[in-house]
Amino acid sequence: METSEFIDLYEALEVSPNANSETIERMFRYLARRYHPDNPATADRDRFDMILKAHNTLRDAARRAAYDIEYDKHSTLRADLAEEVRDTSGVGRDIDTQKKLLSIFYAKRRKDLENPGIGDADLEHLLGCPIEHLAFNLWYMREKRWILKTENGMYAITVEGVDRIWSEALTDVDSRLITDQS
């Protein structure tokens, strides 16, 4: 079960993951009556189907145990994501990594205009980290069209990437000139 497809069946039944079978049955009956398609006041077929799915899974001990394993994995992923959000230094690290990558691609393009590409192994060596740690930044820079992936699988800077480096360099020069005047 992929994270994007994960459905919190406990939430669907509005019970705790620690709920006993009687609580699950009681909430199922209450919610099923409320959202049943035959209830003219509060009918909701999609919600009813979800409640039925949750009940059928959680009332069976073996199915519930298998679901709980997935539930725990999903909870861990959510906790990891929440921790990543709280760690504000991640954004700064990404910006620094992108600057380093762009500088490497820029230097390579200037040095060898006809063969500007750099491969995964070289990037790992130059930055001292596995390519998996660079994947987000490489994706972002490709989407911004600052870099491209060549036919032979190498990365190379684009005109937009060069413009990005130049605009940052000019901004740095401007800020130094402003602070030098004071």
# chains A, B, ... in the order shown; residues from 1 in each chain; ligands from 1
call {"tool": "select_by_dssp", "arguments": {"residues": "segment 1-173 of chain A", "states": "alpha helix (DSSP H)", "output": "PyMOL selection string"}}
result
chain A and resi 9-12+21-35+45-58+61-86+89-111+120-127+135-143+159-173
call {"tool": "residues_around", "arguments": {"residues": "Tyr67 of chain A", "least_positions_apart": "6", "cutoff": "9 Å", "atoms": "only C-alpha atoms", "output": "list in words"}}
result
Leu9, Thr57 and Leu58 of chain A
call {"tool": "residues_around", "arguments": {"residues": "Val162 of chain A", "least_positions_apart": "2", "cutoff": "12 Å", "atoms": "only C-alpha atoms", "output": "VMD selection string"}}
result
chain A and resid 99 101 to 110 141 145 to 147 156 to 160 164 to 169
call {"tool": "write_last_selection", "arguments": {"atoms": "C-alpha atoms", "output": "compact mmCIF listing (two decimals), in the first residue's frame"}}
result
# COMPACT_ATOMS: atom_id res chain seq x y z
CA LYS A 99 24.44 27.06 -5.50
CA LEU A 101 25.72 22.40 -8.11
CA LEU A 102 25.13 25.41 -10.36
CA SER A 103 28.72 26.55 -9.78
CA ILE A 104 30.03 23.12 -10.74
CA PHE A 105 27.87 22.98 -13.87
CA TYR A 106 28.86 26.55 -14.76
CA ALA A 107 32.57 25.82 -14.40
CA LYS A 108 32.26 22.65 -16.47
CA ARG A 109 30.38 24.48 -19.26
CA ARG A 110 32.97 27.28 -19.33
CA MET A 141 16.85 22.70 -11.07
CA ARG A 145 15.27 24.75 -16.53
CA TRP A 146 18.55 25.75 -14.89
CA ILE A 147 20.02 22.39 -15.87
CA ALA A 156 24.64 20.33 -17.85
CA ILE A 157 23.80 23.95 -17.11
CA THR A 158 21.42 25.81 -19.43
CA VAL A 159 21.28 29.47 -20.41
CA GLU A 160 18.68 29.97 -17.64
CA ARG A 164 20.69 32.50 -12.42
CA ILE A 165 24.36 32.39 -11.41
CA TRP A 166 25.03 35.79 -12.96
CA SER A 167 22.00 37.38 -11.28
CA GLU A 168 23.12 35.99 -7.89
CA ALA A 169 26.65 37.25 -8.49
call {"tool": "atom_distance", "arguments": {"atom1": "atom CA of Glu143 of chain A", "atom2": "atom CA of Asp112 of chain A"}}
result
24.0 Å
call {"tool": "select_by_dssp", "arguments": {"residues": "segment 15-178 of chain A", "states": "strand (DSSP E or B)", "output": "PyMOL selection string"}}
result
chain A and resi 118+147-149+155-157
call {"tool": "write_last_selection", "arguments": {"atoms": "N, CA and C atoms", "output": "mmCIF file, in the first residue's frame"}}
result
data_model
loop_
_atom_site.group_PDB
_atom_site.id
_atom_site.type_symbol
_atom_site.label_atom_id
_atom_site.label_comp_id
_atom_site.auth_asym_id
_atom_site.auth_seq_id
_atom_site.Cartn_x
_atom_site.Cartn_y
_atom_site.Cartn_z
ATOM 1 N N ILE A 118 28.189 16.523 -16.678
ATOM 2 C CA ILE A 118 28.807 15.917 -15.499
ATOM 3 C C ILE A 118 27.894 14.783 -15.052
ATOM 4 N N ILE A 147 19.160 23.463 -15.366
ATOM 5 C CA ILE A 147 20.022 22.389 -15.872
ATOM 6 C C ILE A 147 19.169 21.479 -16.753
ATOM 7 N N LEU A 148 19.854 20.633 -17.491
ATOM 8 C CA LEU A 148 19.168 19.613 -18.275
ATOM 9 C C LEU A 148 19.949 18.317 -18.163
ATOM 10 N N LYS A 149 19.279 17.242 -18.488
ATOM 11 C CA LYS A 149 19.953 15.947 -18.521
ATOM 12 C C LYS A 149 20.185 15.626 -19.990
ATOM 13 N N TYR A 155 24.436 15.720 -16.569
ATOM 14 C CA TYR A 155 23.772 16.991 -16.277
ATOM 15 C C TYR A 155 24.619 18.132 -16.811
ATOM 16 N N ALA A 156 23.932 19.161 -17.343
ATOM 17 C CA ALA A 156 24.642 20.333 -17.849
ATOM 18 C C ALA A 156 23.805 21.573 -17.577
ATOM 19 N N ILE A 157 24.486 22.683 -17.379
ATOM 20 C CA ILE A 157 23.800 23.948 -17.113
ATOM 21 C C ILE A 157 23.199 24.488 -18.414
#
call {"tool": "closest_atom_pairs", "arguments": {"of": "segment 85-125 of chain A", "to": "segment 129-133 of chain A", "cutoff": "8 Å", "atoms": "only C-alpha atoms", "output": "Markdown table"}}
result
| residue | atom | partner | partner_atom | distance |
| --- | --- | --- | --- | --- |
| A:Asp120 | CA | A:Ile131 | CA | 6.2 |
| A:Ala121 | CA | A:Ile131 | CA | 7.7 |
| A:Leu123 | CA | A:Ile131 | CA | 7.2 |
| A:Glu124 | CA | A:Cys129 | CA | 5.1 |
| A:His125 | CA | A:Cys129 | CA | 7.1 |
call {"tool": "residues_around", "arguments": {"residues": "segment 29-46 of chain A", "least_positions_apart": "6", "cutoff": "12 Å", "atoms": "only C-alpha atoms", "output": "ChimeraX atom specification"}}
result
/A:11-15,22-23,52-55
call {"tool": "write_last_selection", "arguments": {"atoms": "N, CA and C atoms", "output": "PDB file, in the first residue's frame"}}
result
ATOM      1  N   GLU A  11      -9.719   6.590  11.431  1.00  0.00           N
ATOM      2  CA  GLU A  11     -10.332   7.907  11.297  1.00  0.00           C
ATOM      3  C   GLU A  11     -11.702   7.808  10.628  1.00  0.00           C
ATOM      4  N   ALA A  12     -11.814   6.914   9.649  1.00  0.00           N
ATOM      5  CA  ALA A  12     -13.105   6.725   8.972  1.00  0.00           C
ATOM      6  C   ALA A  12     -14.191   6.297   9.955  1.00  0.00           C
ATOM      7  N   LEU A  13     -13.817   5.465  10.920  1.00  0.00           N
ATOM      8  CA  LEU A  13     -14.777   5.026  11.935  1.00  0.00           C
ATOM      9  C   LEU A  13     -14.777   5.926  13.171  1.00  0.00           C
ATOM     10  N   GLU A  14     -13.926   6.949  13.145  1.00  0.00           N
ATOM     11  CA  GLU A  14     -13.833   7.907  14.246  1.00  0.00           C
ATOM     12  C   GLU A  14     -13.515   7.226  15.577  1.00  0.00           C
ATOM     13  N   VAL A  15     -12.537   6.303  15.520  1.00  0.00           N
ATOM     14  CA  VAL A  15     -12.091   5.590  16.719  1.00  0.00           C
ATOM     15  C   VAL A  15     -10.574   5.664  16.808  1.00  0.00           C
ATOM     16  N   GLU A  22     -15.728  -3.954  20.494  1.00  0.00           N
ATOM     17  CA  GLU A  22     -17.064  -3.436  20.805  1.00  0.00           C
ATOM     18  C   GLU A  22     -17.202  -1.977  20.377  1.00  0.00           C
ATOM     19  N   THR A  23     -16.176  -1.195  20.597  1.00  0.00           N
ATOM     20  CA  THR A  23     -16.204   0.211  20.194  1.00  0.00           C
ATOM     21  C   THR A  23     -16.280   0.325  18.677  1.00  0.00           C
ATOM     22  N   LEU A  52     -17.965   1.100   5.650  1.00  0.00           N
ATOM     23  CA  LEU A  52     -18.125  -0.349   5.460  1.00  0.00           C
ATOM     24  C   LEU A  52     -16.762  -1.017   5.259  1.00  0.00           C
ATOM     25  N   LYS A  53     -15.915  -0.402   4.447  1.00  0.00           N
ATOM     26  CA  LYS A  53     -14.565  -0.935   4.220  1.00  0.00           C
ATOM     27  C   LYS A  53     -13.779  -0.970   5.532  1.00  0.00           C
ATOM     28  N   ALA A  54     -13.849   0.120   6.288  1.00  0.00           N
ATOM     29  CA  ALA A  54     -13.134   0.189   7.561  1.00  0.00           C
ATOM     30  C   ALA A  54     -13.626  -0.895   8.513  1.00  0.00           C
ATOM     31  N   HIS A  55     -14.921  -1.050   8.597  1.00  0.00           N
ATOM     32  CA  HIS A  55     -15.500  -2.057   9.490  1.00  0.00           C
ATOM     33  C   HIS A  55     -15.070  -3.459   9.089  1.00  0.00           C
TER      34      HIS A  55
END
call {"tool": "closest_residue", "arguments": {"among": "A:Phe48, A:Phe6, A:Tyr71, A:Tyr140", "to": "Phe28 of chain A", "atoms": "only C-alpha atoms"}}
result
A:Phe48
call {"tool": "decode", "arguments": {"residues": "segment 56-91 of chain A", "atoms": "N, CA and C atoms", "output": "JSON list (two decimals), in the first residue's frame"}}
result
[["chain", "number", "residue", "atom", "x", "y", "z"],
["A", 56, "ASN", "N", -15.16, -3.76, 7.81],
["A", 56, "ASN", "CA", -14.81, -5.11, 7.34],
["A", 56, "ASN", "C", -13.33, -5.42, 7.59],
["A", 57, "THR", "N", -12.49, -4.43, 7.54],
["A", 57, "THR", "CA", -11.06, -4.64, 7.80],
["A", 57, "THR", "C", -10.77, -4.76, 9.29],
["A", 58, "LEU", "N", -11.32, -3.84, 10.08],
["A", 58, "LEU", "CA", -10.96, -3.76, 11.49],
["A", 58, "LEU", "C", -11.66, -4.78, 12.38],
["A", 59, "ARG", "N", -12.75, -5.35, 11.92],
["A", 59, "ARG", "CA", -13.44, -6.34, 12.75],
["A", 59, "ARG", "C", -12.80, -7.72, 12.66],
["A", 60, "ASP", "N", -12.03, -7.96, 11.61],
["A", 60, "ASP", "CA", -11.36, -9.25, 11.42],
["A", 60, "ASP", "C", -9.94, -9.14, 11.99],
["A", 61, "ALA", "N", -9.61, -9.99, 12.95],
["A", 61, "ALA", "CA", -8.33, -9.89, 13.67],
["A", 61, "ALA", "C", -7.12, -9.96, 12.73],
["A", 62, "ALA", "N", -7.15, -10.88, 11.78],
["A", 62, "ALA", "CA", -6.01, -11.04, 10.88],
["A", 62, "ALA", "C", -5.88, -9.83, 9.94],
["A", 63, "ARG", "N", -6.99, -9.38, 9.40],
["A", 63, "ARG", "CA", -6.96, -8.22, 8.51],
["A", 63, "ARG", "C", -6.56, -6.95, 9.27],
["A", 64, "ARG", "N", -7.04, -6.85, 10.52],
["A", 64, "ARG", "CA", -6.68, -5.69, 11.32],
["A", 64, "ARG", "C", -5.19, -5.68, 11.63],
["A", 65, "ALA", "N", -4.63, -6.84, 11.94],
["A", 65, "ALA", "CA", -3.19, -6.93, 12.23],
["A", 65, "ALA", "C", -2.37, -6.52, 11.01],
["A", 66, "ALA", "N", -2.78, -6.97, 9.83],
["A", 66, "ALA", "CA", -2.07, -6.59, 8.60],
["A", 66, "ALA", "C", -2.21, -5.09, 8.35],
["A", 67, "TYR", "N", -3.41, -4.57, 8.58],
["A", 67, "TYR", "CA", -3.64, -3.13, 8.39],
["A", 67, "TYR", "C", -2.81, -2.32, 9.39],
["A", 68, "ASP", "N", -2.73, -2.79, 10.63],
["A", 68, "ASP", "CA", -1.98, -2.07, 11.66],
["A", 68, "ASP", "C", -0.50, -1.91, 11.30],
["A", 69, "ILE", "N", 0.04, -2.89, 10.61],
["A", 69, "ILE", "CA", 1.43, -2.79, 10.15],
["A", 69, "ILE", "C", 1.56, -1.62, 9.18],
["A", 70, "GLU", "N", 0.65, -1.53, 8.23],
["A", 70, "GLU", "CA", 0.65, -0.42, 7.28],
["A", 70, "GLU", "C", 0.37, 0.91, 7.98],
["A", 71, "TYR", "N", -0.54, 0.88, 8.95],
["A", 71, "TYR", "CA", -0.88, 2.08, 9.72],
["A", 71, "TYR", "C", 0.36, 2.60, 10.45],
["A", 72, "ASP", "N", 1.12, 1.70, 11.06],
["A", 72, "ASP", "CA", 2.35, 2.10, 11.77],
["A", 72, "ASP", "C", 3.38, 2.69, 10.81],
["A", 73, "LYS", "N", 3.52, 2.08, 9.63],
["A", 73, "LYS", "CA", 4.46, 2.62, 8.63],
["A", 73, "LYS", "C", 4.04, 4.03, 8.22],
["A", 74, "HIS", "N", 2.76, 4.20, 7.98],
["A", 74, "HIS", "CA", 2.25, 5.50, 7.57],
["A", 74, "HIS", "C", 2.44, 6.53, 8.68],
["A", 75, "SER", "N", 2.19, 6.12, 9.91],
["A", 75, "SER", "CA", 2.38, 7.04, 11.05],
["A", 75, "SER", "C", 3.83, 7.46, 11.17],
["A", 76, "THR", "N", 4.75, 6.54, 10.93],
["A", 76, "THR", "CA", 6.18, 6.86, 10.97],
["A", 76, "THR", "C", 6.53, 7.84, 9.86],
["A", 77, "LEU", "N", 5.98, 7.62, 8.67],
["A", 77, "LEU", "CA", 6.24, 8.54, 7.56],
["A", 77, "LEU", "C", 5.72, 9.94, 7.88],
["A", 78, "ARG", "N", 4.54, 10.01, 8.49],
["A", 78, "ARG", "CA", 3.97, 11.32, 8.86],
["A", 78, "ARG", "C", 4.85, 11.99, 9.91],
["A", 79, "ALA", "N", 5.33, 11.22, 10.87],
["A", 79, "ALA", "CA", 6.19, 11.79, 11.91],
["A", 79, "ALA", "C", 7.50, 12.29, 11.30],
["A", 80, "ASP", "N", 8.07, 11.52, 10.37],
["A", 80, "ASP", "CA", 9.29, 11.94, 9.69],
["A", 80, "ASP", "C", 9.06, 13.21, 8.89],
["A", 81, "LEU", "N", 7.93, 13.30, 8.22],
["A", 81, "LEU", "CA", 7.61, 14.49, 7.44],
["A", 81, "LEU", "C", 7.44, 15.69, 8.36],
["A", 82, "ALA", "N", 6.76, 15.50, 9.48],
["A", 82, "ALA", "CA", 6.58, 16.59, 10.44],
["A", 82, "ALA", "C", 7.92, 17.07, 10.98],
["A", 83, "GLU", "N", 8.83, 16.14, 11.25],
["A", 83, "GLU", "CA", 10.16, 16.50, 11.73],
["A", 83, "GLU", "C", 10.92, 17.29, 10.67],
["A", 84, "GLU", "N", 10.79, 16.88, 9.42],
["A", 84, "GLU", "CA", 11.44, 17.60, 8.31],
["A", 84, "GLU", "C", 10.91, 19.04, 8.22],
["A", 85, "VAL", "N", 9.62, 19.22, 8.43],
["A", 85, "VAL", "CA", 9.02, 20.55, 8.38],
["A", 85, "VAL", "C", 9.56, 21.42, 9.51],
["A", 86, "ARG", "N", 9.72, 20.83, 10.71],
["A", 86, "ARG", "CA", 10.24, 21.59, 11.84],
["A", 86, "ARG", "C", 11.71, 21.97, 11.68],
["A", 87, "ASP", "N", 12.45, 21.17, 10.90],
["A", 87, "ASP", "CA", 13.88, 21.42, 10.71],
["A", 87, "ASP", "C", 14.06, 22.47, 9.61],
["A", 88, "THR", "N", 14.07, 23.72, 10.00],
["A", 88, "THR", "CA", 14.16, 24.82, 9.02],
["A", 88, "THR", "C", 15.53, 24.91, 8.36],
["A", 89, "SER", "N", 16.52, 24.23, 8.88],
["A", 89, "SER", "CA", 17.85, 24.29, 8.27],
["A", 89, "SER", "C", 17.88, 23.53, 6.94],
["A", 90, "GLY", "N", 16.89, 22.68, 6.69],
["A", 90, "GLY", "CA", 16.84, 21.91, 5.44],
["A", 90, "GLY", "C", 16.76, 22.81, 4.22],
["A", 91, "VAL", "N", 15.98, 23.87, 4.31],
["A", 91, "VAL", "CA", 15.84, 24.80, 3.19],
["A", 91, "VAL", "C", 17.17, 25.48, 2.89]]
